[in-house]
Structure formats: C-alpha cells, structure tokens
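These notes concern the structure reproduced below.
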Amino acid sequence: MKLLLRASVLALSCTLPLLALAQEASPVGLWKNIDDATGKPKAMIRISDNKGELRGQIEKLFLAPGDDPNPRCTACSGTNKDVPVIGMVIMSGLRKAGNEYTGGEIIDPDNGKIYRSKMTLADGGKKLTVRGYVGMPLFGRSQVWVRQD
C-alpha cells in the first residue's frame, strides 16, 4: 500500500509541472499560416506580445514562380496603402479572454480588407485557429496556423 501511495505521489508530482506548462501555452512565436481555400502555406507570421496585446507581422511569403518577390498591399487603404507585404503588421489588438484571444483585427493583404479577429490555441499550443469575421464570428472564415519554433 505504501509503495502504491509513493508511486501515485511521484506520478502526480511529475504530471503537475507538465499541466502548468500546457496551461501557459501562448501564441507568441513564429507561425506558418495555411490557406483555408488551397491548403497550401501562404506566409510565416511572427506573433509578439506588447503588454498583453498581441500583434502579428509577416516575415516571409511562400510565393509561386513568377510572383512579384516584393509584393505591396495595393488593395489596402490608409497607412497600409502600398506598404511591402513582407514586414507588414497584419494582426493587432488581440487580448487573452479565457481560452481564446479576442478583440483584435486582421488585414487580408490580398484584398486590403480589415476584419475583426479571434484566435484559439489547439493541439497543445502547436496549432492556432485564427478567425477573421465581419460583425459576428459566425460570418467569417478560419485558418489553421502551425507553430514553427
């Protein structure tokens, strides 16, 4: 009985730190976004945290042969008009709210449109479901991003 109790205590003491790490998973880091329409990778996006607010910046694009190697956001308006897509901040304002990050915006550099955004970590922090929407989350689309670092 004492052996069983000791084994249980040992197993619990080894498991608790792993559970704490799993709960502390964060979207901060480098992500490969996968196009929801084609299933192919589109870009590498670095998510950073500034005082609890997340933002995502494009670091690399996966371009097809013949594509402009330095595309600009010609469809964007305001301060993003004609800025290079590589280096562009496409996501901002997201804050942790329970199990998801909400309250932010995401820009689609292909069409220049700005959408409300939310995201949720999955698969132990290895995947990120990013949803862009208009009005309510029901009216939007999601992409799954894969952690790279």
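Labeling convention for the structure tokens: chains A, B, ... as they appear, residues from 1 per chain, ligands from 1 in order of appearance.
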
For the strand (DSSP E) assignment from backbone DSSP, which residues of region 23-140 of chain A qualify? Please present them as a VMD selection string.
chain A and resid 29 to 34 41 to 50 53 to 61 89 to 97 100 to 107 114 to 122 127 to 133 140

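Near Ala75 (chain A), within 8 Å and counting only C-alpha atoms, sit Lys81, Asp82, Pro109, Asp110, Asn111, Gly112 and Lys113 of chain A, not including residues fewer than 3 positions from it in the same chain.
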
For those residues, write N, CA and C atoms to a file as a PDB file, in the first residue's frame.
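Saved file out_25.pdb follows:
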ATOM      1  N   LYS A  81      -1.541  51.442 -47.282  1.00  0.00           N
ATOM      2  CA  LYS A  81      -1.586  51.557 -48.741  1.00  0.00           C
ATOM      3  C   LYS A  81      -0.180  51.451 -49.313  1.00  0.00           C
ATOM      4  N   ASP A  82       0.020  50.476 -50.193  1.00  0.00           N
ATOM      5  CA  ASP A  82       1.275  50.257 -50.931  1.00  0.00           C
ATOM      6  C   ASP A  82       2.477  49.907 -50.061  1.00  0.00           C
ATOM      7  N   PRO A 109      -3.968  40.984 -46.810  1.00  0.00           N
ATOM      8  CA  PRO A 109      -3.206  41.770 -47.782  1.00  0.00           C
ATOM      9  C   PRO A 109      -3.623  41.525 -49.236  1.00  0.00           C
ATOM     10  N   ASP A 110      -4.304  40.409 -49.493  1.00  0.00           N
ATOM     11  CA  ASP A 110      -4.746  40.118 -50.859  1.00  0.00           C
ATOM     12  C   ASP A 110      -5.857  41.059 -51.313  1.00  0.00           C
ATOM     13  N   ASN A 111      -6.747  41.442 -50.379  1.00  0.00           N
ATOM     14  CA  ASN A 111      -7.859  42.313 -50.780  1.00  0.00           C
ATOM     15  C   ASN A 111      -7.911  43.625 -50.004  1.00  0.00           C
ATOM     16  N   GLY A 112      -7.017  43.797 -49.019  1.00  0.00           N
ATOM     17  CA  GLY A 112      -6.951  45.032 -48.252  1.00  0.00           C
ATOM     18  C   GLY A 112      -8.032  45.189 -47.201  1.00  0.00           C
ATOM     19  N   LYS A 113      -8.891  44.190 -47.054  1.00  0.00           N
ATOM     20  CA  LYS A 113      -9.989  44.304 -46.098  1.00  0.00           C
ATOM     21  C   LYS A 113      -9.514  44.024 -44.677  1.00  0.00           C
TER      22      LYS A 113
END

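Going from CA of Lys60 (chain A) over to CA of Gly87 (chain A), you cover 8.1 Å.
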
Residue neighbourhood Arg141 (chain A), 10 Å, only C-alpha atoms, exclusion window fewer than 5 positions, as number ranges by chain:
A: 36-37, 117, 130-134

The residue from A:Arg72, A:Lys32, A:Lys96, A:Lys40 with the smallest atom-to-atom distance to Glu53 (chain A), counting only C-alpha atoms, is A:Lys96

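You can rank A:Leu121, A:Phe139, A:Glu105, A:Thr129 by their closest distance to Asn33 (chain A) using only C-alpha atoms, and at the top of that list sits A:Thr129.
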
Show which residues sit within 12 Å of Lys51 (chain A), as a VMD selection string. Count only C-alpha atoms, and ignore same-chain residues fewer than 4 positions away.
chain A and resid 55 93 to 96

Excluding Ile34 (chain A) and its own-chain neighbours fewer than 3 positions away, which residues fall within 9 Å of it when counting only C-alpha atoms? Please give them as a PyMOL selection string.
chain A and resi 37-43+143-146

Same residues, N, CA and C atoms, output as an mmCIF file, in the first residue's frame:
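Final output, saved to out.cif:
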data_model
loop_
_atom_site.group_PDB
_atom_site.id
_atom_site.type_symbol
_atom_site.label_atom_id
_atom_site.label_comp_id
_atom_site.auth_asym_id
_atom_site.auth_seq_id
_atom_site.Cartn_x
_atom_site.Cartn_y
_atom_site.Cartn_z
ATOM 1 N N ALA A 37 -8.479 27.943 -48.338
ATOM 2 C CA ALA A 37 -9.059 27.545 -49.625
ATOM 3 C C ALA A 37 -8.190 26.511 -50.353
ATOM 4 N N THR A 38 -6.859 26.712 -50.333
ATOM 5 C CA THR A 38 -5.976 25.825 -51.109
ATOM 6 C C THR A 38 -5.289 24.763 -50.264
ATOM 7 N N GLY A 39 -5.197 24.990 -48.954
ATOM 8 C CA GLY A 39 -4.490 24.062 -48.083
ATOM 9 C C GLY A 39 -2.981 24.210 -48.156
ATOM 10 N N LYS A 40 -2.504 25.212 -48.876
ATOM 11 C CA LYS A 40 -1.062 25.437 -49.041
ATOM 12 C C LYS A 40 -0.586 26.544 -48.108
ATOM 13 N N PRO A 41 0.698 26.486 -47.697
ATOM 14 C CA PRO A 41 1.231 27.563 -46.851
ATOM 15 C C PRO A 41 1.285 28.882 -47.619
ATOM 16 N N LYS A 42 0.959 29.971 -46.918
ATOM 17 C CA LYS A 42 0.983 31.296 -47.539
ATOM 18 C C LYS A 42 2.107 32.174 -47.009
ATOM 19 N N ALA A 43 2.316 32.122 -45.679
ATOM 20 C CA ALA A 43 3.265 33.063 -45.084
ATOM 21 C C ALA A 43 3.763 32.548 -43.744
ATOM 22 N N GLN A 143 -8.508 30.013 -40.467
ATOM 23 C CA GLN A 143 -7.293 29.362 -40.953
ATOM 24 C C GLN A 143 -6.640 28.682 -39.770
ATOM 25 N N VAL A 144 -5.943 27.599 -40.061
ATOM 26 C CA VAL A 144 -5.150 26.934 -39.043
ATOM 27 C C VAL A 144 -3.695 27.267 -39.320
ATOM 28 N N TRP A 145 -3.022 27.794 -38.315
ATOM 29 C CA TRP A 145 -1.611 28.114 -38.421
ATOM 30 C C TRP A 145 -0.831 27.082 -37.628
ATOM 31 N N VAL A 146 0.375 26.785 -38.077
ATOM 32 C CA VAL A 146 1.207 25.756 -37.447
ATOM 33 C C VAL A 146 2.448 26.405 -36.851
#

Go through A:Trp31, A:Leu128, A:Lys118, A:Pro84 and flag the residue nearest Asn70 (chain A), using only C-alpha atoms for the distances.
A:Pro84

Let me make sure I understand: among A:Met119, A:Val89, A:Ile45, A:Leu61, which one has the smallest atom-to-atom distance to Tyr101 (chain A) if we use only C-alpha atoms?
A:Met119

Would you mind listing what lies within 9 Å of Gly125 (chain A) as a JSON list (two decimals) with N, CA and C atoms, in the first residue's frame, with only C-alpha atoms counted and same-chain residues fewer than 5 positions away left out?
[["chain", "number", "residue", "atom", "x", "y", "z"],
["A", 22, "ALA", "N", 1.32, 23.33, -20.03],
["A", 22, "ALA", "CA", 0.27, 23.27, -21.05],
["A", 22, "ALA", "C", -0.69, 24.45, -20.89],
["A", 25, "ALA", "N", 0.61, 27.86, -22.39],
["A", 25, "ALA", "CA", 0.88, 27.97, -23.81],
["A", 25, "ALA", "C", 0.45, 29.35, -24.30],
["A", 26, "SER", "N", 1.22, 29.90, -25.18],
["A", 26, "SER", "CA", 0.97, 31.24, -25.68],
["A", 26, "SER", "C", 1.13, 31.24, -27.20],
["A", 27, "PRO", "N", 0.39, 32.08, -27.90],
["A", 27, "PRO", "CA", 0.55, 32.18, -29.34],
["A", 27, "PRO", "C", 1.79, 32.97, -29.77],
["A", 147, "ARG", "N", 2.72, 26.11, -35.57],
["A", 147, "ARG", "CA", 3.88, 26.70, -34.89],
["A", 147, "ARG", "C", 5.17, 26.24, -35.55]]
